[in-house]
Structure formats: structure tokens, C-alpha cells
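J.: Quick one: this structure, given as C-alpha cells, is what I'll be asking you about.
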Amino acid sequence: MTRYESAKEIYAKYGVDTDAAIAKCKEIPVSLHCWQGDDVIGFDHDGGLTGGIQTTGNYPGKARTPDELMADMDKAMSLMPGAKKINVHACYAIFEDGTFTDRDALEPKHFQKWVDFAKERGMGLDFNPTFFSSPKVKDGLTLTSPDEATRKFWVEHGKACIRISNYMAEQTGVPCVMNIWIGDGYKDVPADRMGPRMRYKQSIDEILSEPYDIKMVKPCVESKVFGIGVEAFTAGSAEFALSYAAMNKEKCLPLMDNGHYHPTEVVSDKIPALLCFFPEVALHVTRGIRWDSDHVVVYDDETKEIAQEIVRCNALDRVYIALDFFDASINRVSAWVTGFRSMQKALLNALCTPSAMLKDLQDTNQLSRKMAAMEDCKMLPIGDVWAEYCRQCGVTADNYYDEIEAYEKEVLLKRV
Ligand code: RNT
Ligand code: ZN
């Protein structure tokens, strides 16, 4: 008997069909963010990263061109089981003829290479307007700017991004999740909190006046508790973003990034709350550490619990899962692979959990038995199911760093 056959028998005693779990897991798309590959820089500006987010570290080998970034993504994806989407930020526009186009005038053609890249691999695309890292950010503000010309510029950027998202969805045939996140805020106690938020609200209204079909383009509003350098006030707070989405359900979705809340709040608990009200919700899966929201996702309790909730709520087709982290202190390809595989492990683990049985114990008030059973579940041989899942997906179940190390030697370290 193989280890998988043995694991399958053990799970079967709990009423779990591991073959079905593996088959299901293969279908769940997780969106891979292009920005881990070059420390959130992109191709449309010379300056560094702004907007209250930061990458730290200077590990060698970062991608400098679209070709390098795409090659690195390919390498990373070759080590990831499961279905993927590609998540692109507007600052990753590719000016093939060398003519710079500012963010307010970006066109689908500037993302043609990304569209081809995704189509060739049979993947969908997600998209993000980039409201940071630009000289057009005035006094740290974009969509909330009291300067009307600045605000308008960024509204035009948002509208351009809707048009690009339309094109991406049309070309790939897969819905495009378009996430609005701004870093607008203040370092110190503001004298006006409502003004910026009213301008933000108006700006999103204006962006979403651009035509699109919500079945194919899914604009999201992502909240954040604070940013680096804007500790006292963030316009797009949780209440703001959630209220906006709730009042405009036919036009957009709420997006929760699990690094964007107070440390004892958990997104796993928020998912079922939102699913009571929203047809669909979107996630940025990341790992918060103290004040930082963007560490590489690992197979930890909260990642597992997020996956559990999506699966338990039977909401795999209502929750859009995207990754969002950036670490410049380790091999960037490895960061992608570890983060993606961790999310996949969490999904597979959730699919292998006897949720109906556990829920029944809760509903019949057998809470001691429920706790005992949940603890038993933690000792189930998920590693053997994972190994089988990887085998079926044609990727190695472990030791994936060996291949990354070889790629580092052959390719990454030669980038000087
Ligand atoms: C920042 C947000 C946002 C960004 C990306 C690059 O805190 O999480 O989603 O990480 O847009
Ligand atoms: Zn995010």
C-alpha cells in the first residue's frame, strides 16, 4: 500500500473523499501577483516605491525587464500545483515602441504582452490601478486630493484601468478582478477626516461610471488600517471600503487583505460575515507581522482558517483569492513559490476536513466532542495527500528549493 492509499483510508473513516478533494483543489484559481518579482517597481517610472508600502532587502537577481519578470514567473509557476491567474499592476505597463504614456492615458495595448502571456498559458488576468510610485501623487494623495487636477488625473487612471480590465476579460474569457487600493492618508492627526473620504467616494463613483459588465470585470475596494508614513489616518479604512462596497453591490466587491487589520482581528472571521451580505468578495492573502502586512504566506493557522471558511461556506465560486506579499530579502522566485504553495496546502487541507461532521457537533451542542475531533483532524496525514496532489499536477512535493537554487545560479545571479 502506498502512503497515499493509506492516507485515503484514514480520511475515509472521517467521511472525507481525498480523490474528490484533490480534483476540486486543482480547479481553484489563485491569482499570482507579478509584483513579488521586482519589489513592486514596475516598468513605467524611475523612482522608488511610495504609497505607504515598502520592500526591504536587496537579495540579488531581481527582474529588471518584462522578459525577465515573465521568465521568473514561469519558473515559479512550474513549481506550483493548481490553477493560476496572473495579477498585474498598472505600473507594469509595457511600452513596446518605447513611448512613455502616463497613467491617465494607459491603453489595453500597453498590456498586450501580459494578455499574450496569460492566454498562452490558459490563464485569466487580474488588474490593479497603481495609485502610488508616481510624480503625479501630490502630497501623498491621489483620489482624495483637494487639488482637483490631481484628483481628476487619478480618476482618469482608474477609468483607463476599467477599460484595460474589460480588454483583459474579453481576451482571456475569464473575469478580471480590478482592485482599487490607495495609500492616501496622513502621518499625523488630521484636521479633517470626512473631507478626504467624501472625495474618495466621489472619485470611485466617477471611476465606476466607466462602462463594464460586472460579470466580467469585478472592481474591488481594498481597505487598510494604516500605512508606513501615514500612521494616523488612512482614507480607505475598513468602514469606508466596506460601506462603499455595500452601498454599491451591483458595481463592486469588498476586498480584504489579511495584513490590513488590527492584530487580533482575523479575516477568516470576516469572510462568513461578508458572505451573508455580498454575492462575491475578494481577498489578498498575505502574512502580517507586527506593523508589516506583506510577508510571504506560509502554511500557518490563519492561512488555514481562511481556506477553511471559504470551503466551509461553500463559497469557492464567490471568493476571489489573490496573493499579495513582497519580500526583497530572499530569493524572489522562492517567495512566490512558497507563498502560492502555502495557499494551495491550506485549500487542500480545508477540502480534506470533515466539515459537515464538525458542524453537526456544533449544532447539537456537543462542543467538547467537537473540540476533540478538531484536534484529531490536525493529526491526519495531509502531507501524503499533498504529495499525491503535487504528483498529479506534475510538480515536486518537496525540495522545490533545489530547482530554484539551480535557477538562481544559472539565471538570477548573472543579472548584474
Ligand atoms: C497595500 C495593499 C495593496 C498593495 C498592492 C501592490 O498595502 O495591500 O494591495 O500591496 O496593490
Ligand atoms: Zn493588498
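FYI, nothing fancy with the C-alpha cells labels: chains A, B, ... in order, residues from 1 per chain, ligands from 1 as they appear.
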Run DSSP on the backbone and tell me which residues of stretch 217-367 of chain A come out as helix (DSSP H, G or I); list them as a PyMOL selection string.
T.: chain A and resi 238-247+267-275+301-312+332-351+355-363+367
J.: Determine which residues of stretch 85-311 of chain A receive a DSSP assignment of strand (DSSP E), computed from the backbone, and state them as an MDAnalysis selection string.
T.: chainID A and resid 85:89 124:128 176:180 185:186 217:222 233:234 253:257 281:285 287:289 292:295
J.: Report the closest atom pair, with its distance in Å rounded to one decimal, for each residue of chain A that has an atom no farther than 7 Å from ligand 2; count only C-alpha atoms and all ligand atoms, sort by chain and then rising residue number, and write it as a tab-separated table.
T.:
residue	atom	partner	partner_atom_place_in_ligand_line	distance
A:Glu222	CA	ligand 2	1 (Zn)	7.0
A:Asp257	CA	ligand 2	1 (Zn)	5.0
A:His284	CA	ligand 2	1 (Zn)	5.1
A:Asp324	CA	ligand 2	1 (Zn)	5.4
J.: Those selected residues, please, written with C-alpha atoms and delivered as a PDB file, in the first residue's frame.
T.:
ATOM      1  CA  GLU A 222      -9.456  47.322  -0.551  1.00  0.00           C
ATOM      2  CA  ASP A 257      -6.210  41.928   2.789  1.00  0.00           C
ATOM      3  CA  HIS A 284      -5.479  39.465  -0.679  1.00  0.00           C
ATOM      4  CA  ASP A 324      -0.202  39.924  -2.021  1.00  0.00           C
TER       5      ASP A 324
END
J.: Give me, as CSV, the closest atom pair and its distance (Å, one decimal) for every residue of chain A within a cut-off of 9 Å of ligand 1, counting only C-alpha atoms and all ligand atoms, rows sorted by chain and rising number.
T.:
residue,atom,partner,partner_atom_place_in_ligand_line,distance
A:His33,CA,ligand 1,6 (C),8.3
A:Trp35,CA,ligand 1,6 (C),6.7
A:Gln36,CA,ligand 1,6 (C),8.9
A:Val40,CA,ligand 1,6 (C),6.4
A:Gly51,CA,ligand 1,1 (C),8.0
A:Gly52,CA,ligand 1,7 (O),7.2
A:Ile53,CA,ligand 1,7 (O),5.8
A:Gln54,CA,ligand 1,7 (O),8.9
A:His89,CA,ligand 1,11 (O),7.1
A:Asn128,CA,ligand 1,11 (O),6.7
A:Pro129,CA,ligand 1,11 (O),8.0
A:Thr130,CA,ligand 1,11 (O),7.0
A:Phe131,CA,ligand 1,11 (O),8.4
A:Phe132,CA,ligand 1,11 (O),8.9
A:Asn179,CA,ligand 1,9 (O),7.6
A:Ile180,CA,ligand 1,11 (O),7.9
A:Trp181,CA,ligand 1,3 (C),5.8
A:Ile182,CA,ligand 1,3 (C),7.8
A:Gly183,CA,ligand 1,1 (C),7.3
A:Glu222,CA,ligand 1,9 (O),7.0
A:Ser223,CA,ligand 1,2 (C),8.2
A:Lys224,CA,ligand 1,7 (O),6.7
A:Phe226,CA,ligand 1,7 (O),8.4
A:Gly227,CA,ligand 1,7 (O),7.0
A:Met256,CA,ligand 1,8 (O),8.9
A:Asp257,CA,ligand 1,8 (O),6.1
A:Asn258,CA,ligand 1,8 (O),8.7
A:Gly259,CA,ligand 1,8 (O),7.4
A:His260,CA,ligand 1,7 (O),7.0
A:His284,CA,ligand 1,9 (O),6.9
A:Thr286,CA,ligand 1,8 (O),8.4
A:Asp292,CA,ligand 1,7 (O),8.9
A:Ser293,CA,ligand 1,7 (O),6.6
A:Asp294,CA,ligand 1,10 (O),7.1
A:Asp324,CA,ligand 1,10 (O),5.6
A:Phe325,CA,ligand 1,10 (O),6.6
A:Phe326,CA,ligand 1,10 (O),7.9
J.: Write the residues of the preceding selection, restricted to N, CA, C and O atoms, as a short mmCIF file (atom, residue, chain, number, x, y, z; two decimals), in the first residue's frame.
T.:
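Wrote it out as part-v7.cif, contents follow:
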data_model
loop_
_atom_site.label_atom_id
_atom_site.label_comp_id
_atom_site.auth_asym_id
_atom_site.auth_seq_id
_atom_site.Cartn_x
_atom_site.Cartn_y
_atom_site.Cartn_z
N HIS A 33 0.56 37.40 -8.02
CA HIS A 33 0.87 38.82 -8.19
C HIS A 33 2.23 39.00 -8.84
O HIS A 33 3.24 38.51 -8.32
N TRP A 35 4.05 41.48 -8.83
CA TRP A 35 4.94 42.44 -8.15
C TRP A 35 5.90 41.86 -7.13
O TRP A 35 6.76 42.57 -6.64
N GLN A 36 5.79 40.56 -6.81
CA GLN A 36 6.81 39.96 -5.94
C GLN A 36 8.15 39.85 -6.67
O GLN A 36 9.21 39.80 -6.06
N VAL A 40 7.89 45.40 -6.35
CA VAL A 40 6.81 46.37 -6.60
C VAL A 40 7.31 47.63 -7.32
O VAL A 40 6.90 48.73 -6.99
N GLY A 51 3.64 55.28 -1.33
CA GLY A 51 2.25 54.92 -1.06
C GLY A 51 2.06 54.18 0.26
O GLY A 51 1.05 53.51 0.46
N GLY A 52 3.04 54.31 1.15
CA GLY A 52 2.87 53.69 2.46
C GLY A 52 3.21 52.21 2.50
O GLY A 52 2.98 51.54 3.49
N ILE A 53 3.74 51.70 1.38
CA ILE A 53 4.21 50.31 1.37
C ILE A 53 5.70 50.31 1.07
O ILE A 53 6.22 51.24 0.46
N GLN A 54 6.38 49.26 1.51
CA GLN A 54 7.83 49.22 1.39
C GLN A 54 8.31 47.79 1.18
O GLN A 54 7.73 46.86 1.73
N HIS A 89 -0.21 44.88 -12.06
CA HIS A 89 -0.45 46.27 -11.63
C HIS A 89 -0.23 47.18 -12.83
O HIS A 89 0.60 46.90 -13.70
N ASN A 128 -4.85 45.93 -11.50
CA ASN A 128 -4.86 46.92 -10.42
C ASN A 128 -4.41 48.28 -10.93
O ASN A 128 -3.29 48.37 -11.47
N PRO A 129 -5.22 49.31 -10.77
CA PRO A 129 -4.69 50.64 -11.00
C PRO A 129 -3.55 50.88 -10.00
O PRO A 129 -3.60 50.37 -8.88
N THR A 130 -2.54 51.64 -10.40
CA THR A 130 -1.43 51.91 -9.47
C THR A 130 -1.50 53.35 -9.00
O THR A 130 -1.11 54.28 -9.71
N PHE A 131 -2.00 53.54 -7.79
CA PHE A 131 -2.14 54.89 -7.23
C PHE A 131 -0.95 55.23 -6.33
O PHE A 131 -1.11 55.76 -5.24
N PHE A 132 0.25 54.83 -6.76
CA PHE A 132 1.45 55.14 -5.97
C PHE A 132 2.64 55.14 -6.91
O PHE A 132 2.49 54.87 -8.11
N ASN A 179 -8.68 45.71 -8.63
CA ASN A 179 -8.67 46.18 -7.25
C ASN A 179 -8.21 47.62 -7.09
O ASN A 179 -7.14 48.01 -7.54
N ILE A 180 -9.05 48.40 -6.41
CA ILE A 180 -8.69 49.80 -6.11
C ILE A 180 -8.12 49.87 -4.69
O ILE A 180 -8.82 49.56 -3.72
N TRP A 181 -6.87 50.22 -4.60
CA TRP A 181 -6.27 50.48 -3.29
C TRP A 181 -5.47 51.77 -3.40
O TRP A 181 -4.69 51.95 -4.34
N ILE A 182 -5.69 52.68 -2.47
CA ILE A 182 -4.88 53.91 -2.43
C ILE A 182 -4.21 54.01 -1.06
O ILE A 182 -4.76 53.56 -0.06
N GLY A 183 -3.05 54.61 -1.06
CA GLY A 183 -2.32 54.79 0.20
C GLY A 183 -2.58 56.15 0.82
O GLY A 183 -1.92 56.52 1.80
N GLU A 222 -10.25 47.95 -1.61
CA GLU A 222 -9.46 47.32 -0.55
C GLU A 222 -9.23 48.31 0.59
O GLU A 222 -8.79 49.44 0.36
N SER A 223 -9.47 47.88 1.78
CA SER A 223 -9.28 48.77 2.94
C SER A 223 -7.90 48.56 3.56
O SER A 223 -7.21 47.59 3.27
N LYS A 224 -7.53 49.49 4.42
CA LYS A 224 -6.26 49.35 5.15
C LYS A 224 -6.33 50.15 6.43
O LYS A 224 -6.93 51.22 6.47
N PHE A 226 -3.60 51.31 8.26
CA PHE A 226 -2.62 52.40 8.20
C PHE A 226 -1.51 52.02 7.23
O PHE A 226 -1.40 50.87 6.82
N GLY A 227 -0.70 53.00 6.86
CA GLY A 227 0.45 52.71 6.01
C GLY A 227 1.70 53.30 6.63
O GLY A 227 1.62 54.10 7.58
N MET A 256 -10.64 42.22 1.10
CA MET A 256 -9.97 42.19 2.41
C MET A 256 -8.57 41.62 2.24
O MET A 256 -8.39 40.55 1.67
N ASP A 257 -7.61 42.38 2.74
CA ASP A 257 -6.21 41.93 2.79
C ASP A 257 -5.95 41.60 4.25
O ASP A 257 -6.12 42.45 5.13
N ASN A 258 -5.55 40.36 4.55
CA ASN A 258 -5.46 39.98 5.96
C ASN A 258 -4.27 40.59 6.69
O ASN A 258 -4.10 40.35 7.89
N GLY A 259 -3.51 41.45 6.01
CA GLY A 259 -2.48 42.21 6.71
C GLY A 259 -2.96 43.61 7.07
O GLY A 259 -2.17 44.43 7.57
N HIS A 260 -4.23 43.90 6.84
CA HIS A 260 -4.71 45.27 6.95
C HIS A 260 -5.65 45.54 8.10
O HIS A 260 -6.47 46.45 8.05
N HIS A 284 -6.93 39.47 -0.52
CA HIS A 284 -5.48 39.46 -0.68
C HIS A 284 -4.96 38.62 0.45
O HIS A 284 -5.12 38.99 1.62
N THR A 286 -1.98 37.30 2.58
CA THR A 286 -0.64 37.77 2.90
C THR A 286 -0.32 37.29 4.31
O THR A 286 -1.05 36.47 4.87
N ASP A 292 3.88 45.21 9.76
CA ASP A 292 4.04 44.98 8.33
C ASP A 292 2.96 44.03 7.83
O ASP A 292 2.62 43.06 8.49
N SER A 293 2.46 44.30 6.63
CA SER A 293 1.35 43.49 6.15
C SER A 293 1.73 42.57 5.01
O SER A 293 0.88 41.92 4.44
N ASP A 294 2.98 42.51 4.65
CA ASP A 294 3.30 41.88 3.36
C ASP A 294 4.33 40.77 3.38
O ASP A 294 5.08 40.63 2.42
N ASP A 324 -0.77 38.58 -2.05
CA ASP A 324 -0.20 39.92 -2.02
C ASP A 324 0.88 39.99 -0.95
O ASP A 324 0.59 40.16 0.23
N PHE A 325 2.11 39.78 -1.38
CA PHE A 325 3.25 39.94 -0.46
C PHE A 325 4.46 40.32 -1.28
O PHE A 325 4.48 40.14 -2.51
N PHE A 326 5.45 40.90 -0.62
CA PHE A 326 6.68 41.23 -1.33
C PHE A 326 7.84 41.23 -0.37
O PHE A 326 7.88 41.96 0.60
#
J.: Give me the residues within 7 Å of stretch 349-359 of chain A as a list in words, counting only C-alpha atoms and dropping any in the same chain fewer than 6 places off.
T.: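 After dropping sequence-adjacent residues, the list is Tyr14, Gly15, Val16, Thr18, Ala21, Ala307, Gln308, Val311, Arg312, Lys370 and Ile382 of chain A.
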J.: Using only C-alpha atoms, which of the listed residues (A:Ala373, A:Ile28, A:Leu49, A:Val177) sits closest to A:Ala315?
T.: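 Nearest to A:Ala315: A:Ile28.
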J.: Distance atom CA of A:Gly124-atom CA of A:Glu156, one decimal place?
T.: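 If I compute the distance from atom CA of A:Gly124 to atom CA of A:Glu156, I get 24.6 Å.
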